[in-house]
$ cat data_12.pdb   # PDB, C-alpha atoms
MODEL        1
ATOM      1  CA  MET A  63     -58.640 167.013 -73.639  1.00  0.00           C
ATOM      2  CA  SER A  64     -55.734 165.130 -75.234  1.00  0.00           C
ATOM      3  CA  ARG A  65     -56.036 161.352 -75.659  1.00  0.00           C
ATOM      4  CA  HIS A  66     -53.664 158.636 -76.864  1.00  0.00           C
ATOM      5  CA  HIS A  67     -55.068 155.902 -79.136  1.00  0.00           C
ATOM      6  CA  LEU A  68     -53.604 152.427 -79.718  1.00  0.00           C
ATOM      7  CA  GLY A  69     -56.159 150.256 -81.481  1.00  0.00           C
ATOM      8  CA  GLU A  70     -59.154 150.286 -79.153  1.00  0.00           C
ATOM      9  CA  VAL A  71     -57.198 151.419 -76.086  1.00  0.00           C
ATOM     10  CA  CYS A  72     -57.697 155.043 -75.105  1.00  0.00           C
ATOM     11  CA  MET A  73     -56.124 156.809 -72.141  1.00  0.00           C
ATOM     12  CA  ARG A  74     -56.250 160.408 -71.066  1.00  0.00           C
ATOM     13  CA  LYS A  75     -52.865 162.003 -70.383  1.00  0.00           C
ATOM     14  CA  ASP A  76     -53.615 162.228 -66.656  1.00  0.00           C
ATOM     15  CA  GLU A  77     -54.287 158.456 -66.534  1.00  0.00           C
ATOM     16  CA  ILE A  78     -50.808 157.496 -67.768  1.00  0.00           C
ATOM     17  CA  LEU A  79     -48.572 156.240 -64.968  1.00  0.00           C
ATOM     18  CA  PRO A  80     -45.596 158.476 -64.220  1.00  0.00           C
ATOM     19  CA  GLN A  81     -42.254 156.980 -65.268  1.00  0.00           C
ATOM     20  CA  GLN A  82     -40.958 156.716 -61.710  1.00  0.00           C
ATOM     21  CA  ARG A  83     -43.487 153.937 -61.014  1.00  0.00           C
ATOM     22  CA  VAL A  84     -41.682 150.770 -61.998  1.00  0.00           C
ATOM     23  CA  ILE A  85     -43.541 147.522 -62.624  1.00  0.00           C
ATOM     24  CA  GLY A  86     -41.462 144.616 -61.349  1.00  0.00           C
ATOM     25  CA  ARG A  87     -40.598 142.019 -63.971  1.00  0.00           C
ATOM     26  CA  PRO A  88     -40.365 138.478 -62.607  1.00  0.00           C
ATOM     27  CA  PHE A  89     -37.844 135.893 -63.705  1.00  0.00           C
ATOM     28  CA  CYS A  90     -38.996 132.810 -65.605  1.00  0.00           C
ATOM     29  CA  GLU A  91     -39.350 129.826 -63.288  1.00  0.00           C
ATOM     30  CA  PHE A  92     -38.039 127.503 -66.027  1.00  0.00           C
ATOM     31  CA  CYS A  93     -35.123 129.252 -67.781  1.00  0.00           C
ATOM     32  CA  LYS A  94     -34.531 132.152 -65.319  1.00  0.00           C
ATOM     33  CA  ALA A  95     -34.710 134.868 -68.027  1.00  0.00           C
ATOM     34  CA  GLN A  96     -36.363 138.166 -67.060  1.00  0.00           C
ATOM     35  CA  MET A  97     -39.930 138.167 -68.370  1.00  0.00           C
ATOM     36  CA  TRP A  98     -41.701 140.862 -70.400  1.00  0.00           C
ATOM     37  CA  LEU A  99     -44.953 142.483 -69.318  1.00  0.00           C
ATOM     38  CA  THR A 100     -47.278 141.896 -72.274  1.00  0.00           C
ATOM     39  CA  CYS A 101     -50.751 142.747 -70.985  1.00  0.00           C
ATOM     40  CA  ILE A 102     -52.488 144.499 -68.080  1.00  0.00           C
ATOM     41  CA  GLU A 103     -56.200 143.825 -67.586  1.00  0.00           C
ATOM     42  CA  PRO A 104     -58.562 144.973 -64.855  1.00  0.00           C
ATOM     43  CA  ASP A 105     -59.471 142.305 -62.320  1.00  0.00           C
ATOM     44  CA  GLU A 106     -61.461 142.947 -59.156  1.00  0.00           C
ATOM     45  CA  PRO A 107     -61.663 146.572 -57.947  1.00  0.00           C
ATOM     46  CA  ASP A 108     -58.174 147.941 -57.179  1.00  0.00           C
ATOM     47  CA  TYR A 109     -56.492 144.884 -58.737  1.00  0.00           C
ATOM     48  CA  ASP A 110     -54.830 144.287 -62.110  1.00  0.00           C
ATOM     49  CA  ARG A 111     -54.167 141.011 -63.899  1.00  0.00           C
ATOM     50  CA  ARG A 112     -50.659 141.248 -65.378  1.00  0.00           C
ATOM     51  CA  HIS A 113     -49.445 138.842 -68.063  1.00  0.00           C
ATOM     52  CA  PHE A 114     -45.708 138.209 -68.378  1.00  0.00           C
ATOM     53  CA  GLU A 115     -44.108 136.269 -71.246  1.00  0.00           C
ATOM     54  CA  CYS A 116     -40.631 134.801 -71.286  1.00  0.00           C
ATOM     55  CA  PRO A 117     -38.528 135.928 -74.287  1.00  0.00           C
ATOM     56  CA  MET A 118     -36.465 132.708 -74.145  1.00  0.00           C
ATOM     57  CA  CYS A 119     -39.092 129.968 -73.727  1.00  0.00           C
ATOM     58  CA  PRO A 120     -42.900 129.647 -74.128  1.00  0.00           C
ATOM     59  CA  ASN A 121     -43.643 130.252 -70.425  1.00  0.00           C
ATOM     60  CA  VAL A 122     -46.475 132.702 -69.606  1.00  0.00           C
ATOM     61  CA  THR A 123     -47.155 133.856 -66.038  1.00  0.00           C
ATOM     62  CA  VAL A 124     -50.248 135.737 -64.856  1.00  0.00           C
ATOM     63  CA  ARG A 125     -50.140 137.686 -61.589  1.00  0.00           C
ATOM     64  CA  ILE A 126     -52.937 139.492 -59.793  1.00  0.00           C
ATOM     65  CA  VAL A 127     -51.540 142.731 -58.361  1.00  0.00           C
ATOM     66  CA  LYS A 128     -53.125 145.270 -56.013  1.00  0.00           C
ATOM     67  CA  TYR A 129     -52.424 148.840 -57.065  1.00  0.00           C
ATOM     68  CA  ARG A 130     -52.999 152.140 -55.337  1.00  0.00           C
ATOM     69  CA  SER A 131     -56.301 153.504 -56.564  1.00  0.00           C
ATOM     70  CA  SER A 132     -56.718 157.161 -57.443  1.00  0.00           C
ATOM     71  CA  ARG A 133     -60.526 157.157 -57.581  1.00  0.00           C
ATOM     72  CA  ALA A 134     -60.696 160.548 -55.863  1.00  0.00           C
ATOM     73  CA  ALA A 135     -58.931 162.086 -58.880  1.00  0.00           C
ATOM     74  CA  PHE A 136     -61.409 160.466 -61.295  1.00  0.00           C
ATOM     75  CA  ALA A 137     -64.429 161.489 -59.202  1.00  0.00           C
ATOM     76  CA  SER A 138     -63.492 165.154 -59.564  1.00  0.00           C
ATOM     77  CA  ASP A 139     -63.522 164.765 -63.406  1.00  0.00           C
ATOM     78  CA  SER A 140     -67.211 163.774 -63.436  1.00  0.00           C
TER
ENDMDL
END
$ encode --input "data_12.pdb" --output "C-alpha cells"
Amino acid sequence: MSRHHLGEVCMRKDEILPQQRVIGRPFCEFCKAQMWLTCIEPDEPDYDRRHFECPMCPNVTVRIVKYRSSRAAFASDS
C-alpha cells in the first residue's frame, strides 16, 4: 500500500481528497486579503479545525468545519 510522508504526517493514497473538492479561503477581516489555509486538525467527530493565516498582516483565523465523513470506506479496510 503506497503512503505519502511529510514529517510525521502519513496518508494513504485513498485518503487524499480529490482535487475537485475545494476548501473555501476566507478574506481577512482586517485587511481584506484572501487568507491561506495553513493547518487542518481533527476536532470533534466529523469536524475539522482549519487555521487560516493572512499573507498581508498577522491575523490568524480558526474555523470549525463539518465535513462529509467516509467512515464506511475506512471500515471496509479493517
$ resolve_selection --input "data_12.pdb" --expression "the PyMOL selection byres ((chain A and resi 122) around 10)" --output "ChimeraX atom specification"
/A:90-91,97-100,113-117,119-121,123-124
$ write_last_selection --input "data_12.pdb" --atoms "C-alpha atoms" --output "PDB file, in the frame of the given file"
ATOM      1  CA  CYS A  90     -38.996 132.810 -65.605  1.00  0.00           C
ATOM      2  CA  GLU A  91     -39.350 129.826 -63.288  1.00  0.00           C
ATOM      3  CA  MET A  97     -39.930 138.167 -68.370  1.00  0.00           C
ATOM      4  CA  TRP A  98     -41.701 140.862 -70.400  1.00  0.00           C
ATOM      5  CA  LEU A  99     -44.953 142.483 -69.318  1.00  0.00           C
ATOM      6  CA  THR A 100     -47.278 141.896 -72.274  1.00  0.00           C
ATOM      7  CA  HIS A 113     -49.445 138.842 -68.063  1.00  0.00           C
ATOM      8  CA  PHE A 114     -45.708 138.209 -68.378  1.00  0.00           C
ATOM      9  CA  GLU A 115     -44.108 136.269 -71.246  1.00  0.00           C
ATOM     10  CA  CYS A 116     -40.631 134.801 -71.286  1.00  0.00           C
ATOM     11  CA  PRO A 117     -38.528 135.928 -74.287  1.00  0.00           C
ATOM     12  CA  CYS A 119     -39.092 129.968 -73.727  1.00  0.00           C
ATOM     13  CA  PRO A 120     -42.900 129.647 -74.128  1.00  0.00           C
ATOM     14  CA  ASN A 121     -43.643 130.252 -70.425  1.00  0.00           C
ATOM     15  CA  THR A 123     -47.155 133.856 -66.038  1.00  0.00           C
ATOM     16  CA  VAL A 124     -50.248 135.737 -64.856  1.00  0.00           C
TER      17      VAL A 124
END
$ atom_distance --input "data_12.pdb" --atom1 "CA of Asp108 (chain A)" --atom2 "CA of Gln96 (chain A)"
25.9 Å
$ resolve_selection --input "data_12.pdb" --expression "the PyMOL selection byres ((chain A and resi 110) around 10)" --output "list of chain:residue names"
A:Cys101, A:Ile102, A:Glu103, A:Pro104, A:Asp105, A:Glu106, A:Pro107, A:Asp108, A:Tyr109, A:Arg111, A:Arg112, A:His113, A:Arg125, A:Ile126, A:Val127, A:Lys128, A:Tyr129
$ decode --input "data_12.pdb" --residues "region 109-129 of chain A" --atoms "C-alpha atoms" --output "compact mmCIF listing (two decimals), in the first residue's frame"
# COMPACT_ATOMS: atom_id res chain seq x y z
CA TYR A 109 -15.43 18.15 12.20
CA ASP A 110 -12.09 19.75 11.30
CA ARG A 111 -10.39 22.75 12.86
CA ARG A 112 -8.95 24.82 10.00
CA HIS A 113 -6.33 27.52 10.58
CA PHE A 114 -6.08 30.37 8.08
CA GLU A 115 -3.27 32.96 8.08
CA CYS A 116 -3.31 36.29 6.30
CA PRO A 117 -0.31 36.81 3.97
CA MET A 118 -0.55 40.61 4.40
CA CYS A 119 -1.00 41.07 8.16
CA PRO A 120 -0.56 38.93 11.32
CA ASN A 121 -4.24 37.90 11.50
CA VAL A 122 -4.96 34.19 12.15
CA THR A 123 -8.50 32.78 11.94
CA VAL A 124 -9.60 29.34 13.15
CA ARG A 125 -12.82 27.81 11.82
CA ILE A 126 -14.54 24.60 12.84
CA VAL A 127 -15.92 22.93 9.71
CA LYS A 128 -18.18 19.90 9.33
CA TYR A 129 -17.06 17.60 6.54
